[in-house]
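Shown next: upload.cif, containing mmCIF, C-alpha atoms.
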data_start
loop_
_atom_site.label_atom_id
_atom_site.label_comp_id
_atom_site.auth_asym_id
_atom_site.auth_seq_id
_atom_site.Cartn_x
_atom_site.Cartn_y
_atom_site.Cartn_z
CA MET A 1 12.69 -8.80 -14.98
CA HIS A 2 12.60 -7.96 -18.62
CA ASN A 3 14.12 -11.27 -19.61
CA LYS A 4 11.85 -13.51 -17.65
CA PRO A 5 9.05 -13.93 -20.18
CA LEU A 6 11.64 -14.71 -22.83
CA ARG A 7 13.30 -17.35 -20.71
CA ARG A 8 10.02 -19.00 -19.99
CA TRP A 9 9.60 -19.63 -23.70
CA ILE A 10 12.97 -21.27 -24.27
CA PRO A 11 11.93 -24.84 -23.35
CA PHE A 12 8.86 -24.50 -25.56
CA LEU A 13 10.88 -23.35 -28.47
CA LEU A 14 13.34 -26.20 -28.06
CA ILE A 15 10.60 -28.80 -27.83
CA THR A 16 8.74 -27.37 -30.79
CA GLY A 17 11.98 -27.43 -32.74
CA LEU A 18 12.70 -31.03 -31.80
CA LEU A 19 9.20 -32.25 -32.55
CA ALA A 20 9.13 -30.57 -35.89
CA GLY A 21 12.45 -32.20 -36.62
CA GLY A 22 13.29 -29.20 -38.69
CA PRO A 23 15.63 -26.35 -37.92
CA SER A 24 14.67 -24.82 -34.60
CA LEU A 25 14.98 -21.42 -36.22
CA SER A 26 11.38 -21.76 -37.35
CA GLY A 27 10.41 -21.16 -33.74
CA SER A 28 11.87 -17.68 -33.68
CA PRO A 29 9.55 -15.85 -36.05
CA ALA A 30 6.57 -17.38 -34.26
CA PHE A 31 7.88 -16.00 -31.00
CA ALA A 32 8.63 -12.57 -32.37
CA ALA A 33 5.10 -12.36 -33.69
CA ASP A 34 3.61 -13.27 -30.33
CA PRO A 35 3.58 -9.88 -28.58
CA ALA A 36 1.74 -8.27 -31.47
CA PRO A 37 -1.71 -9.88 -30.94
CA GLN A 38 -1.48 -9.00 -27.24
CA ALA A 39 -0.82 -5.40 -28.08
CA ALA A 40 -3.70 -5.42 -30.51
CA ALA A 41 -6.02 -6.58 -27.75
CA GLN A 42 -5.26 -3.38 -25.84
CA ASP A 43 -7.13 -0.66 -27.62
CA ALA A 44 -5.70 2.51 -29.10
CA ASN A 45 -2.07 1.85 -28.24
CA ALA A 46 -2.26 2.95 -24.65
CA PHE A 47 -1.90 1.17 -21.35
CA THR A 48 -3.75 2.44 -18.33
CA GLY A 49 -2.66 1.10 -15.00
CA LYS A 50 -0.24 1.24 -12.15
CA ILE A 51 3.39 1.85 -12.97
CA THR A 52 5.20 -1.10 -11.46
CA GLY A 53 8.72 -0.18 -12.38
CA LYS A 54 11.02 1.99 -14.40
CA SER A 55 14.58 1.16 -15.28
CA ASN A 56 16.80 3.93 -16.58
CA LYS A 57 19.46 1.39 -17.38
CA ALA A 58 17.31 -0.92 -19.49
CA LYS A 59 15.16 2.03 -20.63
CA THR A 60 11.96 0.21 -19.87
CA ILE A 61 8.78 1.01 -18.01
CA SER A 62 6.45 -1.66 -16.72
CA VAL A 63 2.74 -1.07 -16.28
CA GLU A 64 0.30 -3.37 -14.58
CA VAL A 65 -2.70 -3.89 -16.82
CA LYS A 66 -5.40 -6.27 -15.63
CA GLY A 67 -3.03 -7.93 -13.19
CA LYS A 68 -0.34 -8.48 -15.81
CA ASN A 69 2.90 -6.57 -16.22
CA GLU A 70 3.35 -4.98 -19.63
CA PHE A 71 6.79 -3.76 -20.60
CA LEU A 72 7.53 -0.78 -22.78
CA LYS A 73 10.72 0.82 -23.94
CA PHE A 74 11.30 4.52 -23.68
CA ASP A 75 13.88 7.00 -24.88
CA ASP A 76 14.69 10.69 -24.67
CA THR A 77 11.74 11.62 -26.84
CA THR A 78 9.21 10.04 -24.46
CA LYS A 79 7.11 12.82 -22.96
CA GLY A 80 6.11 13.07 -19.31
CA LEU A 81 8.61 10.55 -17.98
CA GLU A 82 8.41 12.25 -14.59
CA HIS A 83 4.95 10.72 -14.25
CA ALA A 84 6.39 7.23 -14.58
CA VAL A 85 6.69 6.79 -10.83
CA GLU A 86 6.39 3.37 -9.29
CA GLY A 87 3.03 2.88 -7.63
CA GLU A 88 1.27 5.73 -9.44
CA ALA A 89 -1.51 5.24 -11.92
CA ALA A 90 -0.73 6.46 -15.40
CA ILE A 91 -1.78 6.32 -19.01
CA VAL A 92 1.12 5.28 -21.19
CA LYS A 93 0.71 5.86 -24.91
CA PHE A 94 2.98 3.95 -27.19
CA GLU A 95 3.75 3.05 -30.75
CA LEU A 96 5.06 -0.16 -32.22
CA ARG A 97 8.54 -0.13 -33.62
CA GLY A 98 9.11 -3.59 -34.99
CA ALA A 99 8.27 -5.97 -32.18
CA ASP A 100 8.96 -3.37 -29.49
CA ARG A 101 6.50 -1.07 -27.83
CA PHE A 102 7.92 2.40 -27.46
CA ALA A 103 6.30 4.73 -24.95
CA THR A 104 5.58 8.08 -26.59
CA SER A 105 4.01 9.76 -23.57
CA VAL A 106 3.19 9.15 -19.92
CA GLU A 107 0.30 11.01 -18.29
CA PRO A 108 -0.94 10.70 -14.74
CA LYS A 109 -4.28 8.98 -14.55
CA LEU A 110 -6.71 11.16 -12.69
CA ALA A 111 -9.59 9.30 -11.20
CA THR A 112 -13.00 10.61 -12.01
CA LEU A 113 -15.11 11.46 -9.01
CA PRO A 114 -18.83 10.90 -8.74
CA GLU A 115 -20.97 13.99 -9.14
CA GLY A 116 -21.07 16.23 -6.10
CA VAL A 117 -17.97 14.68 -4.56
CA ALA A 118 -14.91 16.89 -4.15
CA GLU A 119 -11.34 15.82 -3.84
CA MET A 120 -9.52 16.30 -0.57
CA LYS A 121 -5.85 17.21 -0.62
CA THR A 122 -3.20 15.93 1.74
CA ASP A 123 -2.80 19.21 3.67
CA GLU A 124 -6.50 19.62 4.24
CA LEU A 125 -6.78 16.08 5.50
CA ALA A 126 -3.76 16.48 7.78
CA LYS A 127 -5.38 19.55 9.35
CA LEU A 128 -8.60 17.66 10.04
CA ILE A 129 -6.73 14.73 11.54
CA ALA A 130 -4.81 17.03 13.85
CA MET A 131 -8.19 18.20 15.18
CA GLY A 132 -9.53 14.67 15.55
CA PRO A 133 -12.82 13.22 14.32
CA ALA A 134 -14.95 14.89 17.00
CA GLU A 135 -13.70 18.43 16.58
CA GLY A 136 -13.09 18.09 12.86
CA ASN A 137 -16.55 16.53 12.50
CA TYR A 138 -15.44 13.94 10.01
CA VAL A 139 -15.34 10.19 9.55
CA LEU A 140 -12.36 8.93 7.62
CA VAL A 141 -12.99 5.65 5.81
CA ASP A 142 -10.30 3.28 4.56
CA SER A 143 -11.82 1.57 1.51
CA ARG A 144 -9.01 -0.93 1.05
CA PRO A 145 -9.22 -4.61 2.02
CA ALA A 146 -9.10 -5.05 5.79
CA ALA A 147 -5.62 -6.61 5.74
CA ARG A 148 -4.20 -3.40 4.32
CA TYR A 149 -5.99 -1.40 6.98
CA HIS A 150 -4.51 -3.51 9.76
CA GLU A 151 -0.91 -3.11 8.71
CA GLY A 152 -1.09 0.64 8.32
CA HIS A 153 -3.82 3.21 7.92
CA ILE A 154 -4.13 6.97 8.12
CA PRO A 155 -4.58 7.97 11.78
CA THR A 156 -8.22 8.01 12.98
CA ALA A 157 -9.50 6.04 9.97
CA ILE A 158 -12.05 3.28 10.26
CA SER A 159 -12.01 0.22 8.03
CA LEU A 160 -14.83 -0.28 5.58
CA PRO A 161 -13.63 -2.15 2.47
CA ASP A 162 -15.55 -1.03 -0.61
CA THR A 163 -16.82 -4.57 -1.12
CA VAL A 164 -18.33 -4.58 2.36
CA HIS A 165 -19.67 -1.07 1.87
CA VAL A 166 -21.58 -2.20 -1.21
CA GLU A 167 -23.21 -5.01 0.75
CA THR A 168 -23.93 -3.24 4.00
CA GLY A 169 -24.43 0.40 3.09
CA ASP A 170 -24.35 2.64 6.15
CA ALA A 171 -24.58 -0.19 8.68
CA TYR A 172 -20.94 -0.04 9.79
CA LEU A 173 -20.58 3.71 9.89
CA PRO A 174 -20.45 5.38 13.31
CA GLY A 175 -23.74 6.86 14.50
CA ASP A 176 -23.14 10.48 13.60
CA ALA A 177 -22.07 9.53 10.11
CA ARG A 178 -25.12 7.30 9.70
CA LEU A 179 -27.22 10.29 10.64
CA LYS A 180 -25.40 12.19 7.88
CA LYS A 181 -24.12 14.81 10.28
CA THR A 182 -20.43 14.50 9.45
CA THR A 183 -18.13 14.85 6.51
CA LEU A 184 -17.40 11.44 5.03
CA ILE A 185 -13.92 11.10 3.62
CA PHE A 186 -12.91 8.01 1.65
CA TYR A 187 -9.43 6.97 0.65
CA CYS A 188 -7.68 3.93 -0.72
CA GLY A 189 -4.43 2.85 -2.30
CA GLY A 190 -4.18 5.95 -4.44
CA PHE A 191 -5.50 4.83 -7.81
CA THR A 192 -8.44 3.13 -9.53
CA MET B 1 -12.04 1.78 -4.72
CA SER B 2 -12.63 5.00 -2.80
CA PRO B 3 -14.46 6.89 -5.59
CA LYS B 4 -16.82 3.93 -5.84
CA SER B 5 -17.55 4.06 -2.12
CA ALA B 6 -18.01 7.82 -2.31
CA GLY B 7 -20.53 7.39 -5.11
CA LEU B 8 -22.42 4.89 -3.01
CA ALA B 9 -22.48 7.22 0.00
CA LYS B 10 -23.75 10.00 -2.20
CA LYS B 11 -26.51 7.75 -3.48
CA MET B 12 -27.48 6.91 0.07
CA GLY B 13 -28.07 10.54 0.80
CA HIS B 14 -24.84 11.71 2.40
CA THR B 15 -24.27 15.29 1.40
CA ASP B 16 -20.74 16.06 2.52
CA VAL B 17 -18.68 13.37 0.80
CA ARG B 18 -15.03 13.79 -0.07
CA VAL B 19 -12.32 11.56 -1.49
CA PHE B 20 -8.66 11.70 -0.59
CA LEU B 21 -7.70 10.63 -4.09
CA ALA B 22 -3.96 10.61 -3.65
CA GLY B 23 -4.44 7.99 -0.95
CA ILE B 24 -1.92 6.13 1.13
CA PRO B 25 1.08 6.54 -1.21
CA ALA B 26 0.81 10.34 -1.14
CA TRP B 27 0.23 10.33 2.60
CA LYS B 28 3.46 8.43 3.15
CA LYS B 29 5.33 10.49 0.60
CA ALA B 30 4.37 13.62 2.51
CA GLY B 31 6.34 12.20 5.43
CA LYS B 32 3.29 11.29 7.45
CA SER B 33 2.98 8.10 9.40
CA VAL B 34 0.40 5.35 9.32
CA THR B 35 -1.20 3.55 12.23
CA ALA B 36 -1.27 -0.17 12.93
CA SER B 37 -4.49 -1.74 14.15
CA GLU B 38 -4.82 -3.38 17.55
CA LYS B 39 -5.32 -6.76 15.92
CA PHE B 40 -2.15 -6.34 13.89
CA VAL B 41 -0.10 -5.66 17.01
CA GLN B 42 -1.74 -8.59 18.82
CA THR B 43 -1.45 -11.26 16.17
CA GLY B 44 0.46 -9.98 13.14
CA ASN B 45 3.85 -11.35 12.16
CA ILE B 46 5.52 -8.10 13.05
CA VAL B 47 8.62 -6.70 14.66
CA LEU B 48 7.41 -4.52 17.50
CA VAL B 49 9.80 -1.88 18.79
CA ASP B 50 9.50 -0.10 22.13
CA LEU B 51 11.41 3.17 21.88
CA ARG B 52 11.26 4.01 25.59
CA SER B 53 14.01 3.63 28.15
CA LYS B 54 15.11 0.26 29.51
CA GLU B 55 13.52 1.00 32.91
CA GLU B 56 10.19 1.91 31.39
CA TYR B 57 10.32 -1.18 29.20
CA GLU B 58 11.03 -3.49 32.12
CA ALA B 59 8.21 -1.98 34.14
CA GLY B 60 5.72 -3.05 31.47
CA HIS B 61 5.67 -3.33 27.71
CA ILE B 62 3.46 -4.63 24.94
CA PRO B 63 4.10 -8.38 24.57
CA LYS B 64 6.64 -9.31 21.85
CA ALA B 65 8.19 -5.82 21.90
CA HIS B 66 11.91 -5.34 21.49
CA ASN B 67 13.39 -2.49 23.45
CA ILE B 68 15.47 0.00 21.51
CA PRO B 69 15.59 3.30 23.38
CA MET B 70 15.26 6.22 21.00
CA ALA B 71 18.80 7.35 21.80
CA SER B 72 20.31 4.10 20.57
CA LEU B 73 18.04 3.62 17.55
CA ALA B 74 20.37 5.42 15.15
CA ALA B 75 23.02 2.76 15.72
CA LYS B 76 20.63 -0.04 14.79
CA GLU B 77 20.36 0.63 11.08
CA ASP B 78 22.18 -2.53 10.06
CA SER B 79 20.35 -4.81 12.43
CA LEU B 80 16.83 -3.91 11.44
CA PRO B 81 14.86 -6.48 9.42
CA ILE B 82 13.66 -4.03 6.80
CA LYS B 83 11.43 -6.53 5.04
CA ALA B 84 9.40 -7.11 8.16
CA PRO B 85 6.43 -4.98 9.09
CA VAL B 86 7.92 -2.86 11.87
CA VAL B 87 5.57 -1.28 14.38
CA VAL B 88 6.94 1.30 16.79
CA TYR B 89 5.59 2.89 19.92
CA ALA B 90 6.86 5.40 22.44
CA ASN B 91 5.59 7.68 25.17
CA THR B 92 4.59 10.41 22.78
CA PHE B 93 3.38 10.38 19.24
CA LEU B 94 6.20 12.71 18.29
CA GLU B 95 8.84 10.27 19.49
CA ALA B 96 7.15 7.37 17.74
CA GLN B 97 7.00 9.49 14.60
CA GLN B 98 10.74 10.19 14.86
CA GLY B 99 11.50 6.49 15.11
CA TYR B 100 9.11 5.76 12.25
CA ASN B 101 10.74 8.38 10.04
CA LEU B 102 14.20 7.05 10.72
CA MET B 103 13.21 3.49 9.91
CA LYS B 104 11.39 4.61 6.78
CA LYS B 105 14.59 6.33 5.71
CA TRP B 106 16.41 3.06 6.14
CA GLY B 107 14.00 1.38 3.77
CA VAL B 108 11.54 -0.38 6.04
CA LYS B 109 8.72 -1.35 3.74
CA THR B 110 5.71 -1.52 5.99
CA GLY B 111 6.41 0.61 9.00
CA SER B 112 3.63 1.84 11.23
CA ILE B 113 2.97 3.36 14.61
CA TRP B 114 1.00 1.98 17.50
CA PRO B 115 -0.43 5.27 18.74
CA GLY B 116 -0.74 6.00 22.41
CA GLY B 117 1.92 3.53 23.51
CA VAL B 118 1.33 1.27 26.50
CA LYS B 119 -1.47 3.46 27.79
CA SER B 120 -3.77 2.98 24.83
CA TRP B 121 -2.79 -0.70 24.83
CA THR B 122 -4.02 -1.25 28.39
CA ASP B 123 -6.97 1.10 27.87
CA LYS B 124 -8.21 -1.34 25.27
CA GLY B 125 -8.03 -4.13 27.82
CA ASN B 126 -4.74 -5.69 26.74
CA LYS B 127 -2.14 -6.96 29.19
CA LEU B 128 1.46 -5.82 29.45
CA ALA B 129 4.49 -8.06 29.76
CA THR B 130 7.00 -7.13 32.41
CA GLY B 131 10.70 -7.33 33.17
CA PRO B 132 13.65 -8.91 31.43
CA PRO B 133 14.69 -11.10 29.70
CA LEU B 134 14.60 -8.90 26.67
CA PRO B 135 13.89 -10.88 23.54
CA PRO B 136 16.79 -10.84 21.09
CA PHE B 137 16.39 -8.39 18.25
CA PRO B 138 15.69 -10.34 15.07
CA GLY B 139 18.39 -8.78 12.94
CA PRO B 140 18.27 -8.25 9.19
CA GLY B 141 18.04 -11.89 8.14
CA ASN B 142 16.15 -13.31 11.06
CA TRP B 143 12.61 -12.39 10.33
CA ALA B 144 10.74 -15.05 8.41
CA ARG B 145 7.72 -14.43 6.27
CA THR B 146 4.99 -16.81 7.31
CA ARG B 147 2.09 -17.68 5.14
CA SER B 148 0.31 -14.83 6.66
CA PRO B 149 -3.44 -14.88 7.18
CA TRP B 150 -3.18 -11.12 6.89
CA LEU B 151 -3.01 -11.34 3.16
CA SER B 152 -5.75 -13.85 2.63
CA SER B 153 -8.99 -12.11 1.95
CA LYS B 154 -10.97 -15.32 2.29
CA ARG B 155 -11.01 -15.38 6.07
CA PRO B 156 -14.21 -13.86 7.32
CA TRP B 157 -12.50 -11.61 9.85
CA MET B 158 -10.37 -10.18 7.11
CA THR B 159 -13.28 -8.57 5.36
CA ALA B 160 -15.28 -7.72 8.44
CA PRO B 161 -14.93 -4.03 9.05
CA ILE B 162 -13.84 -2.58 12.32
CA SER B 163 -16.35 -0.39 14.00
#
Represent the structure of the file as structure tokens.
Amino acid sequence: MHNKPLRRWIPFLLITGLLAGGPSLSGSPAFAADPAPQAAAQDANAFTGKITGKSNKAKTISVEVKGKNEFLKFDDTTKGLEHAVEGEAAIVKFELRGADRFATSVEPKLATLPEGVAEMKTDELAKLIAMGPAEGNYVLVDSRPAARYHEGHIPTAISLPDTVHVETGDAYLPGDARLKKTTLIFYCGGFT
Amino acid sequence: MSPKSAGLAKKMGHTDVRVFLAGIPAWKKAGKSVTASEKFVQTGNIVLVDLRSKEEYEAGHIPKAHNIPMASLAAKEDSLPIKAPVVVYANTFLEAQQGYNLMKKWGVKTGSIWPGGVKSWTDKGNKLATGPPLPPFPGPGNWARTRSPWLSSKRPWMTAPIS
């Protein structure tokens, strides 16, 4: 995975070299300089996003930032490596060493909740679900896109993608929830 | 996604609003199962597994289902298409959960349970298929990814919520 972006550049470098008619070496410095402006665009030397992979062999972590995978190196001095778990949201701070980005610390990204909204933990939710929506007096809402809901959702959940929720408000909630008589619990893919 | 929705609910006057922040990944990590929707079982490109006995299966099963009685499931590790979405059902939720857990352990990516088995299937007005021949089990390499409408968010029914 790590090599792919490099390989993609090879034909470009060759063509540039041929067109210039000069030694193709001139392409190399240009390439090495390329990651730097990208890094500069990300502010304060930190990536916030979903961890998409970690390789102990290659000593790299990849983080998805704005739909793009960013790769960082890490070593024994990197703090909080246990938070670099695939699929979890994290803030990865790094420093530049030459052309490489070295992760200095990994922290879990904790979502901020709107005022007056409390977090629900797994155990608490499991207890409610064992009771069922009627007895537990709750409505569990899956905020993910409907396709995700179809292929697997938490038992007793209803589907109300956040995009639809914004457009329709309470319209698709069951009666008791519309009347604001129940606990409303939202969940999604675990980050953002 | 969910905090945004929670904020909206709060704005609309709901008082008791909570967010299960850890979401689906944590739910699965805690060893808990997820549920497939009726539509997914009806039309999804899935591998449906009936964990009941052969007799029960032949008497009536959800269309497309493959019969692997719970007792013989353990021997099927190598013949399971782990890249396919596998949906299991049984007589009891506990049994379905056992099958689900086993398949998860084998690396099935998108496993889920059809809760309530054939009863909830017919309760929702769906028909059962009966008798042999049993469809051949797809095997590890014999499930093909189709350009699945399930992943396209442009279809209107994809974004329509389920009430």
Exercise. Applied to this file, what does the PyMOL selection byres ((chain B) within 8 of (chain A)) return in terms of residues, put as a ChimeraX atom specification?
Worked result: /B:1-10,12-27,30,33-40,85,110-113,150-153,158-163
For this session: Could you tell me which residues the PyMOL selection byres ((chain B and resi 49-55) around 7) grabs in this file, written as a PyMOL selection string?
Result: chain B and resi 47-48+56-59+65-70+87-91
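We find CA of Gly125 in chain B and CA of Thr92 in chain B to be spaced 19.9 Å apart.
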Output as JSON the centre and edge lengths (Å, one decimal) of the box along x, y and z of the file that holds every listed atom of range 70-78 of chain B after adding 4 Å on each side.
{"center_x": 19.1, "center_y": 2.4, "center_z": 15.9, "size_x": 15.8, "size_y": 17.9, "size_z": 19.7}
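With the shown file loaded, the PyMOL selection byres ((chain A and resi 48) around 6) picks out Phe47, Gly49, Ala90 and Ile91 of chain A.
Interatomic distance, CA of Ala89 in chain A to CA of Ile61 in chain A: 12.7 Å.
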Problem set entry | Test item: residues at most 7 Å from His83 in chain A, all atoms listed in the file, excluding those fewer than 3 positions along its chain, as an NGL selection string | :A and (80 or 106-108)
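CA of Leu96 in chain A lies 16.1 Å from CA of Lys79 in chain A.
Shortest atom-to-atom contact with Lys59 in chain A among A:Val92, A:Val85, A:Ala103, A:Leu128: A:Ala103, counting all atoms listed in the file.
Comparing B:Glu95, B:Thr43, B:Tyr100, B:Lys32 by their smallest distance to Gly116 in chain B, the closest is B:Glu95 (using all atoms listed in the file).
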